[in-house]
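entry-v4.txt, holding compact mmCIF, C-alpha atoms:
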```txt
# COMPACT_ATOMS: atom_id res chain seq x y z
CA MET A 68 42.87 8.55 -4.31
CA ARG A 69 43.19 6.42 -7.43
CA ARG A 70 42.46 2.70 -7.41
CA ARG A 71 42.62 -0.14 -9.92
CA ALA A 72 40.47 -3.23 -10.12
CA GLY A 73 41.45 -5.63 -7.36
CA GLU A 74 42.57 -2.85 -5.01
CA SER A 75 40.61 -1.69 -1.99
CA PHE A 76 40.42 1.02 0.64
CA LEU A 77 39.04 1.35 4.16
CA ILE A 78 36.63 3.80 5.74
CA GLY A 79 37.30 3.58 9.48
CA PRO A 80 38.37 0.25 10.94
CA ASP A 81 35.36 -1.85 9.83
CA ILE A 82 34.39 -0.81 6.32
CA GLU A 83 36.30 -2.03 3.30
CA ILE A 84 35.47 -1.05 -0.27
CA GLU A 85 37.05 -3.17 -2.98
CA ILE A 86 37.04 -2.27 -6.66
CA LEU A 87 36.08 -5.56 -8.31
CA GLU A 88 35.62 -4.62 -11.92
CA VAL A 89 35.98 -1.47 -14.02
CA GLY A 90 33.89 -1.46 -17.18
CA PRO A 91 33.45 1.24 -19.83
CA THR A 92 30.45 2.80 -18.07
CA ARG A 93 30.10 0.93 -14.78
CA VAL A 94 32.26 0.09 -11.81
CA LYS A 95 31.56 -2.92 -9.60
CA PHE A 96 32.31 -2.62 -5.89
CA GLY A 97 32.59 -5.17 -3.12
CA ILE A 98 31.64 -3.77 0.28
CA THR A 99 32.58 -5.40 3.57
CA ALA A 100 30.86 -3.71 6.50
CA PRO A 101 29.14 -4.54 9.81
CA SER A 102 25.66 -5.96 9.18
CA SER A 103 24.13 -3.15 11.27
CA LEU A 104 25.07 -0.66 8.52
CA GLN A 105 22.49 -0.08 5.83
CA ILE A 106 23.98 0.22 2.37
CA VAL A 107 21.63 1.74 -0.17
CA ARG A 108 22.01 3.25 -3.62
CA GLN A 109 21.44 7.00 -3.62
CA GLU A 110 18.68 6.85 -6.23
CA VAL A 111 16.76 4.38 -4.06
CA LEU A 112 16.88 6.85 -1.17
CA LEU A 113 15.74 9.75 -3.40
CA THR A 114 12.97 7.64 -4.92
CA ARG A 115 11.84 6.59 -1.46
CA GLU A 116 11.53 10.22 -0.33
CA GLU A 117 9.67 11.16 -3.51
CA ASN A 118 7.28 8.21 -3.15
CA LEU A 119 6.51 9.16 0.45
CA THR A 120 5.81 12.77 -0.60
CA ALA A 121 3.66 11.66 -3.54
CA SER A 122 1.58 9.35 -1.35
CA ARG A 123 1.06 12.04 1.31
CA THR A 124 0.10 14.85 -1.03
CA ALA A 125 -2.16 12.99 -3.45
CA SER A 126 -5.77 14.02 -3.03
CA GLY A 127 -9.04 13.67 -4.86
CA ASP A 128 -9.26 17.48 -5.35
CA MET A 129 -6.41 17.52 -7.84
CA ILE A 130 -7.58 14.64 -9.98
CA GLU A 131 -9.94 16.52 -12.23
CA ARG A 132 -7.58 19.45 -12.78
CA LEU A 133 -4.65 17.16 -13.50
CA ALA A 134 -6.70 15.05 -15.87
CA THR A 135 -8.03 18.06 -17.76
CA ALA A 136 -4.59 19.60 -18.09
CA LEU A 137 -2.92 16.39 -19.22
CA SER A 138 -5.65 15.47 -21.69
CA VAL A 139 -5.29 18.91 -23.27
CA ARG A 140 -1.62 18.09 -23.76
CA GLN A 141 -2.41 14.64 -25.11
CA LYS A 142 -4.72 16.15 -27.75
CA THR A 143 -2.06 18.69 -28.69
CA LEU A 144 0.48 15.89 -29.16
CA ARG A 145 -1.85 13.87 -31.34
CA GLY A 146 -3.09 16.83 -33.30
CA MET B 279 -14.37 -10.49 -10.96
CA PRO B 280 -12.14 -9.54 -8.02
CA ARG B 281 -13.11 -6.55 -5.92
CA LEU B 282 -11.06 -3.98 -4.06
CA LYS B 283 -11.44 -0.83 -2.00
CA ALA B 284 -9.98 2.11 -3.87
CA LYS B 285 -8.91 5.35 -2.20
CA TYR B 286 -10.69 7.64 -4.66
CA PHE B 287 -13.46 5.46 -6.02
CA GLY B 288 -14.72 3.32 -3.13
CA GLU B 289 -15.36 -0.40 -3.58
CA LEU B 290 -15.22 -1.61 -7.14
CA GLU B 291 -14.73 -4.62 -9.37
CA TYR B 292 -11.64 -4.78 -11.56
CA LEU B 293 -10.31 -6.92 -14.38
CA PRO B 294 -7.62 -9.40 -13.20
CA ASP B 295 -5.42 -8.00 -16.01
CA ALA B 296 -5.14 -4.74 -14.05
CA GLU B 297 -3.27 -6.46 -11.21
CA PHE B 298 0.55 -6.44 -11.16
CA GLU B 299 2.97 -8.02 -8.67
CA PHE B 300 5.89 -5.97 -7.36
CA PRO B 301 8.17 -8.60 -5.79
CA ALA B 302 10.04 -6.06 -3.64
CA GLY B 303 7.32 -3.44 -3.33
CA ILE B 304 8.56 0.06 -4.17
CA PRO B 305 11.03 2.20 -2.18
CA GLY B 306 9.30 3.40 1.00
CA PHE B 307 6.49 0.86 0.55
CA GLU B 308 8.28 -2.47 0.60
CA ARG B 309 5.28 -4.34 1.99
CA GLU B 310 2.98 -3.32 -0.86
CA THR B 311 3.59 -6.08 -3.36
CA THR B 312 0.36 -5.95 -5.34
CA PHE B 313 -0.96 -2.88 -7.13
CA VAL B 314 -4.05 -2.59 -9.30
CA PHE B 315 -3.87 -0.01 -12.11
CA LEU B 316 -7.15 1.78 -12.66
CA GLN B 317 -8.32 4.20 -15.30
CA VAL B 318 -11.61 6.04 -15.12
CA PRO B 319 -13.25 7.87 -18.04
CA HIS B 320 -13.47 11.28 -16.36
CA ALA B 321 -9.80 11.20 -15.31
CA GLN B 322 -8.11 10.15 -18.56
CA PRO B 323 -5.15 10.03 -19.14
CA LEU B 324 -4.36 9.53 -15.43
CA VAL B 325 -3.65 6.02 -14.17
CA PHE B 326 -4.31 5.21 -10.52
CA MET B 327 -1.82 2.87 -8.84
CA GLN B 328 -3.95 1.43 -6.06
CA SER B 329 -2.43 -0.82 -3.40
CA LEU B 330 -4.48 -3.96 -2.96
CA ARG B 331 -3.46 -4.36 0.69
CA ASP B 332 -3.94 -0.74 1.77
CA PRO B 333 -7.04 1.04 0.42
CA ALA B 334 -5.63 4.39 1.61
CA LEU B 335 -2.54 4.10 -0.60
CA CYS B 336 -3.01 5.18 -4.18
CA PHE B 337 -0.46 6.93 -6.38
CA ILE B 338 -1.62 9.16 -9.22
CA CYS B 339 0.37 8.39 -12.37
CA VAL B 340 0.59 9.46 -15.98
CA PRO B 341 2.05 7.55 -18.94
CA VAL B 342 5.59 8.91 -19.41
CA HIS B 343 5.08 9.65 -23.10
CA ILE B 344 2.43 12.21 -22.32
CA VAL B 345 4.95 14.13 -20.25
CA ASP B 346 7.92 13.54 -22.56
CA PRO B 347 7.22 12.11 -26.03
CA GLN B 348 10.97 11.44 -26.50
CA TYR B 349 11.29 9.45 -23.25
CA GLY B 350 13.68 6.52 -23.55
CA LEU B 351 13.63 3.69 -21.06
CA ASP B 352 16.95 2.20 -19.99
CA LEU B 353 16.44 -0.74 -17.62
CA ALA B 354 18.98 -2.31 -15.27
CA PRO B 355 19.66 -6.05 -15.71
CA GLU B 356 17.94 -6.90 -12.40
CA ASP B 357 14.76 -5.05 -13.46
CA ARG B 358 14.80 -6.80 -16.86
CA ALA B 359 14.97 -10.14 -15.08
CA ILE B 360 11.86 -9.38 -13.01
CA LEU B 361 9.96 -8.10 -16.05
CA ASP B 362 11.02 -11.06 -18.24
CA VAL B 363 12.76 -8.84 -20.81
CA PRO B 364 15.94 -10.39 -22.31
CA PRO B 365 19.15 -8.47 -21.43
CA GLU B 366 19.79 -6.83 -24.80
CA ALA B 367 16.26 -6.72 -26.21
CA ASP B 368 14.55 -3.42 -26.96
CA ILE B 369 11.51 -2.71 -24.88
CA HIS B 370 8.50 -1.53 -26.79
CA ILE B 371 6.39 0.60 -24.53
CA GLY B 372 2.78 -0.22 -25.24
CA SER B 373 3.27 -3.77 -26.55
CA ASP B 374 5.84 -5.25 -24.10
CA ALA B 375 5.48 -2.93 -21.17
CA LEU B 376 3.70 0.10 -19.79
CA CYS B 377 5.71 2.94 -18.33
CA LEU B 378 4.19 5.40 -15.86
CA ALA B 379 5.45 8.40 -13.91
CA ILE B 380 4.18 8.99 -10.39
CA ILE B 381 2.84 12.53 -9.91
CA THR B 382 3.65 14.60 -6.81
CA VAL B 383 1.36 17.49 -5.99
CA SER B 384 2.76 20.18 -3.71
CA GLU B 385 0.92 23.21 -2.40
CA ASN B 386 1.67 26.45 -4.27
CA GLU B 387 3.86 24.64 -6.77
CA ASP B 388 3.28 23.05 -10.13
CA PRO B 389 2.70 19.31 -9.89
CA THR B 390 5.70 17.22 -10.86
CA ALA B 391 6.14 13.84 -12.51
CA ASN B 392 8.89 11.43 -11.42
CA LEU B 393 10.66 10.56 -14.69
CA ALA B 394 13.81 9.39 -12.86
CA SER B 395 12.11 6.36 -11.36
CA PRO B 396 9.30 5.24 -13.66
CA VAL B 397 6.92 2.44 -12.76
CA VAL B 398 7.36 -0.22 -15.45
CA LEU B 399 4.73 -2.93 -15.92
CA SER B 400 5.50 -6.04 -17.94
CA LEU B 401 2.66 -7.21 -20.17
CA ARG B 402 4.51 -10.52 -20.57
CA ASN B 403 4.33 -11.70 -16.97
CA ARG B 404 2.20 -9.08 -15.16
CA MET B 405 5.12 -8.08 -12.94
CA GLY B 406 6.07 -4.53 -12.07
CA VAL B 407 9.08 -2.63 -10.78
CA GLN B 408 9.88 0.94 -9.99
CA ALA B 409 12.98 1.28 -12.12
CA MET B 410 15.70 3.74 -11.17
CA VAL B 411 17.10 4.93 -14.45
CA ARG B 412 18.54 8.35 -13.61
CA SER B 413 19.55 9.90 -10.33
CA SER B 414 19.23 13.50 -11.55
CA PRO B 415 17.05 15.51 -9.15
CA ASP B 416 15.57 17.35 -12.15
CA SER B 417 13.92 14.33 -13.65
CA LEU B 418 12.85 13.14 -10.20
CA ARG B 419 10.62 16.23 -10.10
CA HIS B 420 9.88 17.04 -13.71
CA PRO B 421 7.50 20.01 -13.55
CA LEU B 422 4.17 19.76 -15.33
CA ARG B 423 4.60 23.42 -16.18
CA ALA B 424 1.87 25.99 -16.13
CA GLN B 425 2.41 27.14 -19.72
CA GLU B 426 2.13 23.60 -21.01
CA TYR B 427 -0.82 22.76 -18.80
CA PRO B 428 -2.73 26.03 -18.53
CA THR B 429 -5.71 24.72 -16.60
CA LEU B 430 -3.54 23.71 -13.63
CA CYS B 431 -3.15 27.35 -12.67
CA SER B 432 -6.58 28.65 -13.58
```
For this file, produce the structure as structure tokens.
Amino acid sequence: MRRRAGESFLIGPDIEIEILEVGPTRVKFGITAPSSLQIVRQEVLLTREENLTASRTASGDMIERLATALSVRQKTLRG
Amino acid sequence: MPRLKAKYFGELEYLPDAEFEFPAGIPGFERETTFVFLQVPHAQPLVFMQSLRDPALCFICVPVHIVDPQYGLDLAPEDRAILDVPPEADIHIGSDALCLAIITVSENEDPTANLASPVVLSLRNRMGVQAMVRSSPDSLRHPLRAQEYPTLCS
């Protein structure tokens, strides 16, 4: 399917996606959908999963090893 | 000085400058709108992102430039607005803003740093956002590799 700015398409009977603006690197959409549908950018979903994993797995045991390893790298960078 | 309960360090006093407001929280933790950023001498260069509301929530972070010295920050207009950075202005990490990557530690795997969604702190207005600059899964889990960080595997 190819669309121009100002044109739209439907997904099922209730969801309409309109192409509002086409820029050199970005496209702006207008989405009409039932309010029960959650619309979320993919990177927000991925970030959410990664944040949940990071918060679950963080523990005091790793702190010293992480710090030592990263400070070795920091010294290497500066040196 | 204000006090807080920190996950790894117990109750402590902190400088008000260490406190940053996240108007929308961060993805997965939308109710956590205030984080205090702590550094402790024995854990340099790590930065601890401690929730003020929930003592049990603390992310372990590292400044992005330690992981990737070439790291460039490209902020969306809505993030710039929160951080009080004009739309076209360059952001100087260190003087305008701090930029941290959250570390994920998994069993039997190298730890990884999230370079795709860095935590950016504005030194102009003490606001913070978790910016989403790249959706590549690689930079979401940038490995802190064993050969670069030998002591992680010792």
Contact set, chain A to chain B: 9 Å, all atoms listed in the file, as a VMD selection string: chain A and resid 109 to 127 129 to 141 144
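With only C-alpha atoms taken into account, the protein and nucleic acid residues at most 9 Å from Lys95 (chain A) (excluding it and anything under 2 positions from it in its own chain) are Ala72, Glu85, Ile86, Leu87, Glu88, Val89, Gly90, Arg93 and Gly97 of chain A.
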Selection as a PDB file with C-alpha atoms, in the frame of the given file: residues within 9 Å of (2.7, -5.5, -19.4), counting all atoms listed in the file:
```
ATOM      1  CA  PHE B 298       0.550  -6.440 -11.160  1.00  0.00           C
ATOM      2  CA  LEU B 361       9.960  -8.100 -16.050  1.00  0.00           C
ATOM      3  CA  ILE B 371       6.390   0.600 -24.530  1.00  0.00           C
ATOM      4  CA  GLY B 372       2.780  -0.220 -25.240  1.00  0.00           C
ATOM      5  CA  SER B 373       3.270  -3.770 -26.550  1.00  0.00           C
ATOM      6  CA  ASP B 374       5.840  -5.250 -24.100  1.00  0.00           C
ATOM      7  CA  ALA B 375       5.480  -2.930 -21.170  1.00  0.00           C
ATOM      8  CA  LEU B 376       3.700   0.100 -19.790  1.00  0.00           C
ATOM      9  CA  VAL B 398       7.360  -0.220 -15.450  1.00  0.00           C
ATOM     10  CA  LEU B 399       4.730  -2.930 -15.920  1.00  0.00           C
ATOM     11  CA  SER B 400       5.500  -6.040 -17.940  1.00  0.00           C
ATOM     12  CA  LEU B 401       2.660  -7.210 -20.170  1.00  0.00           C
ATOM     13  CA  ARG B 402       4.510 -10.520 -20.570  1.00  0.00           C
ATOM     14  CA  ASN B 403       4.330 -11.700 -16.970  1.00  0.00           C
ATOM     15  CA  ARG B 404       2.200  -9.080 -15.160  1.00  0.00           C
ATOM     16  CA  MET B 405       5.120  -8.080 -12.940  1.00  0.00           C
ATOM     17  CA  GLY B 406       6.070  -4.530 -12.070  1.00  0.00           C
TER      18      GLY B 406
END
```
Exercise: residues within 10 Å of coordinate (1.6, -4.8, -9.6), counting all atoms listed in the file, as a list in words: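 Final list of nearby residues, as requested, is Ala296, Glu297, Phe298, Glu299, Phe300, Pro301, Gly303, Glu310, Thr311, Thr312, Phe313, Val314, Phe315, Met327, Gln328, Ser329, Leu330, Val397, Val398, Leu399, Ser400, Arg404, Met405, Gly406 and Val407 of chain B.
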Keeping only C-alpha atoms, write those residues as a PDB file, in the frame of the given file.
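Listing of selection-v4.pdb after writing:
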```pdb
ATOM      1  CA  ALA B 296      -5.140  -4.740 -14.050  1.00  0.00           C
ATOM      2  CA  GLU B 297      -3.270  -6.460 -11.210  1.00  0.00           C
ATOM      3  CA  PHE B 298       0.550  -6.440 -11.160  1.00  0.00           C
ATOM      4  CA  GLU B 299       2.970  -8.020  -8.670  1.00  0.00           C
ATOM      5  CA  PHE B 300       5.890  -5.970  -7.360  1.00  0.00           C
ATOM      6  CA  PRO B 301       8.170  -8.600  -5.790  1.00  0.00           C
ATOM      7  CA  GLY B 303       7.320  -3.440  -3.330  1.00  0.00           C
ATOM      8  CA  GLU B 310       2.980  -3.320  -0.860  1.00  0.00           C
ATOM      9  CA  THR B 311       3.590  -6.080  -3.360  1.00  0.00           C
ATOM     10  CA  THR B 312       0.360  -5.950  -5.340  1.00  0.00           C
ATOM     11  CA  PHE B 313      -0.960  -2.880  -7.130  1.00  0.00           C
ATOM     12  CA  VAL B 314      -4.050  -2.590  -9.300  1.00  0.00           C
ATOM     13  CA  PHE B 315      -3.870  -0.010 -12.110  1.00  0.00           C
ATOM     14  CA  MET B 327      -1.820   2.870  -8.840  1.00  0.00           C
ATOM     15  CA  GLN B 328      -3.950   1.430  -6.060  1.00  0.00           C
ATOM     16  CA  SER B 329      -2.430  -0.820  -3.400  1.00  0.00           C
ATOM     17  CA  LEU B 330      -4.480  -3.960  -2.960  1.00  0.00           C
ATOM     18  CA  VAL B 397       6.920   2.440 -12.760  1.00  0.00           C
ATOM     19  CA  VAL B 398       7.360  -0.220 -15.450  1.00  0.00           C
ATOM     20  CA  LEU B 399       4.730  -2.930 -15.920  1.00  0.00           C
ATOM     21  CA  SER B 400       5.500  -6.040 -17.940  1.00  0.00           C
ATOM     22  CA  ARG B 404       2.200  -9.080 -15.160  1.00  0.00           C
ATOM     23  CA  MET B 405       5.120  -8.080 -12.940  1.00  0.00           C
ATOM     24  CA  GLY B 406       6.070  -4.530 -12.070  1.00  0.00           C
ATOM     25  CA  VAL B 407       9.080  -2.630 -10.780  1.00  0.00           C
TER      26      VAL B 407
END
```
Length of the CA of Thr99 (chain A) to CA of Ala302 (chain B) vector [Å]: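 Between CA of Thr99 (chain A) and CA of Ala302 (chain B) the gap is 23.7 Å.
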Interatomic distance, CA of Asp357 (chain B) to CA of Pro280 (chain B) (Å, one decimal):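 Straight-line distance from CA of Asp357 (chain B) to CA of Pro280 (chain B) works out to 27.8 Å.
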Å distance separating CA of Leu77 (chain A) from CA of Val107 (chain A), one decimal place: 17.9 Å
Shortest interatomic distance to Ser103 (chain A) - which of A:Ser75, A:Asp128, A:Arg70, A:Asp81, counting only C-alpha atoms: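 Looking at the shortest contact to Ser103 (chain A), the residue is A:Asp81.
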